[in-house]
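Working notes for the structure below.
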Amino acid sequence: MPLHRERTDPVRTPDDLGLVHRRWVVPDDIQREVGLAAAARLWHALFDLQVLDRSQEVFLYRLQLPGGSQEESGLPAVASAGALLAGASAATAVSQVVHPEEGFRDPYLVPGGGYRDYTLYAVESPRHLLLPLAVSALTCGSCGRERTLEPIPFTDSGLLDLETSCPACGSPPSPDSDRVHLKTGSIFLLGEASARAALAIELPQSPPDEEMPDEEVVSAIEAAFGPTDELSDDAVEPS
């Protein structure tokens with residue numbers, strides 16, 4: 001049975017929550033390797049910085065690659081960094097919901113309370129890319145052919161199999177020349193809209209800052225990811 005994380009704004013009922021904002025923090029270079037150990041250290045650091053709650057359960061999502069089915073389970077927070085380390089040849093995500101008004105740190109300093117849903121993704125497969133934003137089509141950088149894209153679903157993201165070649169010319173997907181068409185209408189180079197590691201932060205409303213203002217949390221993220229970009233996903237369904 002699928003697990004459902006609690007994402008209820010304490011001021012509003014679940015039915016009133018409506019669409020929310022999700023911010024994705026990703027390495028600014030798709031070629032930069034972010035190993036499972038680095039991802040595990042980041043997740044551990046978020047507990048140390050009191051962004052996350054050591055006393056509450058963490059949700060674990062795992063998809064063996066290629067061709068596996070997504071598995072979901074709950075586990076104690078103390079075991080969650082180790083679960084990331086066990087993600088060889090898989091896509092793994094760990095997630096926890098907290099409320100800053102209960103004393104937890106809010107890296108975006110958004111006034112008014114509300115939940116924060118943190119999900120750390122790690123894709124340990126050279127054949128697959130994580131697509132944080134909803135993608136509808138891919139334009140081949142070699143021949144210019146546009147084709148519908150149906151990524152492999154994985155929690156709130158998708159996975160692109162790099163062995164799915166262009167049906168017109170046979171070229172494999174290229175992060176440097178292929179372009180993805182987002183469902184919002186925007187177009188990006190594939191390498192600008194994909195990653196193999198990401199930290200997603202869901203909250204009831206868009207933060208006032210384009211970049212995370214909490215320098216300590218930023219330092220912890222960059223220790224794992226190196227320099228980062230932030231991708232905004234506004235008016236999305238709650239997880």
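Each chain of the structure tokens is named A, B, ... in the order shown, its residues numbered from 1; ligands are numbered from 1 in display order.
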DSSP says strand (DSSP E or B) for which residues of range 7-239 of chain A? Put them as an mmCIF file with C-alpha atoms, in the first residue's frame?
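What follows is the written file result_32.cif:
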data_model
loop_
_atom_site.group_PDB
_atom_site.id
_atom_site.type_symbol
_atom_site.label_atom_id
_atom_site.label_comp_id
_atom_site.auth_asym_id
_atom_site.auth_seq_id
_atom_site.Cartn_x
_atom_site.Cartn_y
_atom_site.Cartn_z
ATOM 1 C CA VAL A 20 1.770 24.592 -3.448
ATOM 2 C CA HIS A 21 5.333 25.615 -4.277
ATOM 3 C CA ARG A 22 8.264 23.230 -4.701
ATOM 4 C CA ARG A 23 11.865 24.413 -4.904
ATOM 5 C CA TRP A 24 14.539 22.088 -6.324
ATOM 6 C CA VAL A 25 18.196 22.618 -5.393
ATOM 7 C CA VAL A 26 20.463 20.801 -7.875
ATOM 8 C CA PRO A 27 24.181 20.796 -8.797
ATOM 9 C CA VAL A 58 11.435 9.321 7.447
ATOM 10 C CA PHE A 59 9.865 7.967 4.257
ATOM 11 C CA LEU A 60 12.094 5.968 1.929
ATOM 12 C CA TYR A 61 11.456 5.506 -1.791
ATOM 13 C CA ARG A 62 13.569 3.154 -3.884
ATOM 14 C CA LEU A 63 13.448 2.224 -7.573
ATOM 15 C CA GLN A 64 15.975 -0.352 -8.767
ATOM 16 C CA GLU A 71 9.201 0.491 -3.190
ATOM 17 C CA GLU A 72 8.035 2.694 -0.318
ATOM 18 C CA SER A 73 8.584 2.293 3.415
ATOM 19 C CA GLY A 74 8.969 4.219 6.633
ATOM 20 C CA LEU A 75 12.071 4.035 8.798
ATOM 21 C CA ALA A 90 18.870 2.612 -7.943
ATOM 22 C CA ALA A 91 17.021 5.871 -7.603
ATOM 23 C CA THR A 92 16.531 6.642 -3.918
ATOM 24 C CA ALA A 93 14.633 9.391 -2.120
ATOM 25 C CA VAL A 94 14.249 10.113 1.587
ATOM 26 C CA SER A 95 11.614 12.548 2.827
ATOM 27 C CA GLN A 96 10.343 14.179 5.998
ATOM 28 C CA VAL A 97 7.729 16.831 6.776
ATOM 29 C CA VAL A 98 8.368 19.370 9.555
ATOM 30 C CA ARG A 116 8.096 22.122 4.937
ATOM 31 C CA ASP A 117 8.512 18.852 3.052
ATOM 32 C CA TYR A 118 12.165 17.978 2.403
ATOM 33 C CA THR A 119 13.022 15.215 -0.068
ATOM 34 C CA LEU A 120 16.585 14.297 -1.003
ATOM 35 C CA TYR A 121 17.060 12.389 -4.269
ATOM 36 C CA ALA A 122 20.068 10.356 -5.364
ATOM 37 C CA VAL A 123 20.227 8.512 -8.710
ATOM 38 C CA HIS A 128 19.375 7.619 -15.963
ATOM 39 C CA LEU A 129 18.801 11.309 -15.256
ATOM 40 C CA LEU A 130 16.414 12.807 -12.725
ATOM 41 C CA LEU A 131 13.907 15.256 -14.232
ATOM 42 C CA VAL A 135 8.465 17.516 -19.006
ATOM 43 C CA SER A 136 6.203 16.991 -22.013
ATOM 44 C CA ALA A 137 8.601 16.690 -24.955
ATOM 45 C CA LEU A 138 12.260 16.437 -25.977
ATOM 46 C CA THR A 139 13.870 17.991 -29.065
ATOM 47 C CA GLU A 146 10.674 16.743 -31.341
ATOM 48 C CA ARG A 147 9.147 13.748 -29.611
ATOM 49 C CA THR A 148 6.792 13.191 -26.721
ATOM 50 C CA ILE A 152 9.717 6.881 -15.595
ATOM 51 C CA PRO A 153 7.663 8.131 -12.600
ATOM 52 C CA PHE A 154 9.577 8.444 -9.331
ATOM 53 C CA SER A 157 9.889 13.641 -10.340
ATOM 54 C CA GLY A 158 10.659 11.556 -13.410
ATOM 55 C CA LEU A 159 13.622 9.567 -14.686
ATOM 56 C CA LEU A 160 14.957 9.733 -18.243
ATOM 57 C CA ASP A 161 16.551 6.582 -19.637
ATOM 58 C CA ARG A 179 16.102 20.549 -25.284
ATOM 59 C CA VAL A 180 13.278 19.657 -22.934
ATOM 60 C CA HIS A 181 9.843 21.252 -23.187
ATOM 61 C CA LEU A 182 8.325 21.716 -19.756
ATOM 62 C CA ILE A 187 12.242 25.217 -22.839
ATOM 63 C CA PHE A 188 15.641 24.322 -21.372
ATOM 64 C CA LEU A 189 18.719 22.408 -22.382
ATOM 65 C CA ALA A 195 20.315 16.061 -12.275
ATOM 66 C CA ALA A 197 21.035 14.424 -7.065
ATOM 67 C CA ALA A 198 18.561 17.020 -5.823
ATOM 68 C CA LEU A 199 17.020 18.449 -2.674
ATOM 69 C CA ALA A 200 13.334 19.287 -3.083
ATOM 70 C CA ILE A 201 11.627 21.600 -0.597
ATOM 71 C CA GLU A 202 7.843 21.857 -0.739
ATOM 72 C CA LEU A 203 6.030 24.626 1.114
ATOM 73 C CA THR A 228 24.023 24.803 -7.163
ATOM 74 C CA ASP A 229 21.073 26.101 -9.144
ATOM 75 C CA GLU A 230 17.512 26.415 -7.855
ATOM 76 C CA LEU A 231 14.554 25.399 -10.001
ATOM 77 C CA SER A 232 11.119 26.716 -9.057
ATOM 78 C CA ASP A 233 7.994 24.641 -9.508
ATOM 79 C CA ASP A 234 5.021 26.830 -8.650
ATOM 80 C CA ALA A 235 1.336 25.927 -8.422
ATOM 81 C CA VAL A 236 1.878 22.173 -8.184
#
Nearby residues (only C-alpha atoms) at most 7 Å from Leu36 in chain A, same-chain spacing under 2 positions excluded, as a PyMOL selection string | chain A and resi 34+38-40+84-85+122
Selection above as a file: N, CA and C atoms, as a compact mmCIF listing (two decimals), in the first residue's frame:
# COMPACT_ATOMS: atom_id res chain seq x y z
N VAL A 34 27.99 13.36 -7.74
CA VAL A 34 27.56 13.47 -6.35
C VAL A 34 27.29 12.05 -5.86
N ALA A 38 28.11 11.43 -0.25
CA ALA A 38 27.89 12.88 -0.14
C ALA A 38 26.42 13.17 0.15
N ALA A 39 25.53 12.46 -0.53
CA ALA A 39 24.09 12.66 -0.27
C ALA A 39 23.75 12.30 1.17
N ALA A 40 24.31 11.20 1.66
CA ALA A 40 24.04 10.78 3.04
C ALA A 40 24.57 11.82 4.04
N LEU A 84 20.28 5.81 2.24
CA LEU A 84 20.82 6.44 1.03
C LEU A 84 22.08 5.71 0.56
N LEU A 85 22.94 5.34 1.51
CA LEU A 85 24.19 4.65 1.16
C LEU A 85 23.92 3.29 0.50
N ALA A 122 18.76 10.78 -4.87
CA ALA A 122 20.07 10.36 -5.36
C ALA A 122 19.84 9.27 -6.41
Give me every helix (DSSP H, G or I) residue in range 35-149 of chain A, going by DSSP on the backbone, as a list in words.
->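 Helix (DSSP H, G or I) members of range 35-149 of chain A, listed: Leu36, Ala37, Ala38, Ala39, Ala40, Arg41, Leu42, Trp43, His44, Ala45, Leu46, Phe47, Asp48, Ala77, Val78, Ala79, Ser80, Ala81, Gly82, Ala83, Leu84, Leu85, Pro100, Glu101 and Glu102 of chain A.
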Of the candidates A:Ala134, A:Glu210, A:Ser69, A:Gly170, which one gets nearest to Thr184 in chain A if we count only C-alpha atoms?
->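 Counting only C-alpha atoms, the residue closest to Thr184 in chain A is A:Ala134.
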Could you check which of A:Pro151, A:Pro207, A:Gly226, A:Gly113 is closest to His99 in chain A, using only C-alpha atoms?
->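 Checking each candidate against His99 in chain A, we get A:Gly113 as the closest.
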Return the single residue from A:Ser239, A:Pro213, A:Pro204, A:Asp106 that is closest to Leu49 in chain A, with distances computed using only C-alpha atoms.
->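 Of A:Ser239, A:Pro213, A:Pro204, A:Asp106, the one nearest Leu49 in chain A is A:Asp106, counting only C-alpha atoms.
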With distances taken over only C-alpha atoms, the candidate from A:Asp214, A:Asp209, A:Glu33, A:Asp48 nearest Pro126 in chain A is A:Glu33
Could you work out how far CA of Val51 in chain A lies from CA of Pro107 in chain A, giving the answer in Å with one decimal?
->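 We find that CA of Pro107 in chain A and CA of Val51 in chain A lie 7.7 Å from each other.
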Pick the closest to Ala193 in chain A from A:Pro76, A:Pro175, A:Gly112, A:Gly144: which is it, counting only C-alpha atoms?
->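 Using only C-alpha atoms, the shortest distance to Ala193 in chain A belongs to A:Pro175.
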Just how far from CA of Phe225 in chain A is CA of Arg32 in chain A, in Å to one decimal?
-> 8.1 Å
Could you work out how far CA of Leu133 in chain A lies from CA of Leu19 in chain A, giving the answer in Å with one decimal?
->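 Calculated distance between CA of Leu19 in chain A and CA of Leu133 in chain A is 15.2 Å.
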